[in-house]
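**Student:** Take this structure first; my questions come after.
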Amino acid sequence: MKNYRNAFTMIEIVFVIVVLGILAAVAIPKLAVTRTDAQLVKAKSTVSAVRSAITGERQTRLFRGQSNFISRLDRGVATGAADVVIFDSNGSNNLLQYGITTKTGNGGWLKASATTYTYTVNGVVNTFTYNSAAGTFLCTNGANCRTLTN
């Protein structure tokens, strides 16, 4: 008569649970850091896209004989033909293929004033200012300014 074992022993089950617990304890903190890194990369990409859009629009205007930069980056109260949309609350735009919609909380852009925008990552607010005279979009305040603009 053959004696077959049809189940795991209690020791084997406990051992597997302990190993899975150790793996989870190591992996979960790494995943949290990865999320923050992803938000920083997303913001850095957005800053590059905005700067590129400002430069591209400036080149288009130079070909038309206009030497000015766009006056604002969103549809504000004083919207005119010279305004080009980058940031918009409903996501429609005419400068970037995919608009930058406003969003509260981590990973979100918000309009703070006519020329100031904020980006929040890990609860830290980073402030960006658009200077229409110089055509610059710079991080002026925030713990992640260096990371977002390099």
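The chains in the structure tokens are called A, B, ... from first to last as shown; in each chain the residues are counted from 1, and the ligands are counted from 1 in the order shown.
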Determine which residues of chain A receive a DSSP assignment of strand (DSSP E), computed from the backbone, and state them as a PyMOL selection string.
**Tutor:** chain A and resi 108-111+116-121+124-131+136-141
**Student:** Apply DSSP to the backbone of this structure and, from chain A, keep only the residues in alpha helix (DSSP H); write these as a ChimeraX atom specification.
**Tutor:** /A:10-63,145-149
**Student:** A:Ser113, A:Tyr130, A:Asn141, A:Gly107: which is nearest A:Ala38, counting only C-alpha atoms?
**Tutor:**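 When distances to A:Ala38 are compared using only C-alpha atoms, the smallest one comes from A:Gly107.
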**Student:** Given only C-alpha atoms as the basis, pick out the residue of A:Val47, A:Met10, A:Val26, A:Leu40 nearest to A:Leu138.
**Tutor:**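 Residue with the minimum atom-to-atom distance to A:Leu138: A:Val47.
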**Student:** Quick one: residues within 9 Å of stretch 50-55 of chain A, only C-alpha atoms, excluding same-chain residues fewer than 4 positions away - as a list in words?
**Tutor:**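 In the requested format, the answer is Ser45, Thr46, Gln59, Thr60, Phe69, Ile70, Leu73, Ile86, Leu95, Leu96, Gly135, Thr136 and Phe137 of chain A.
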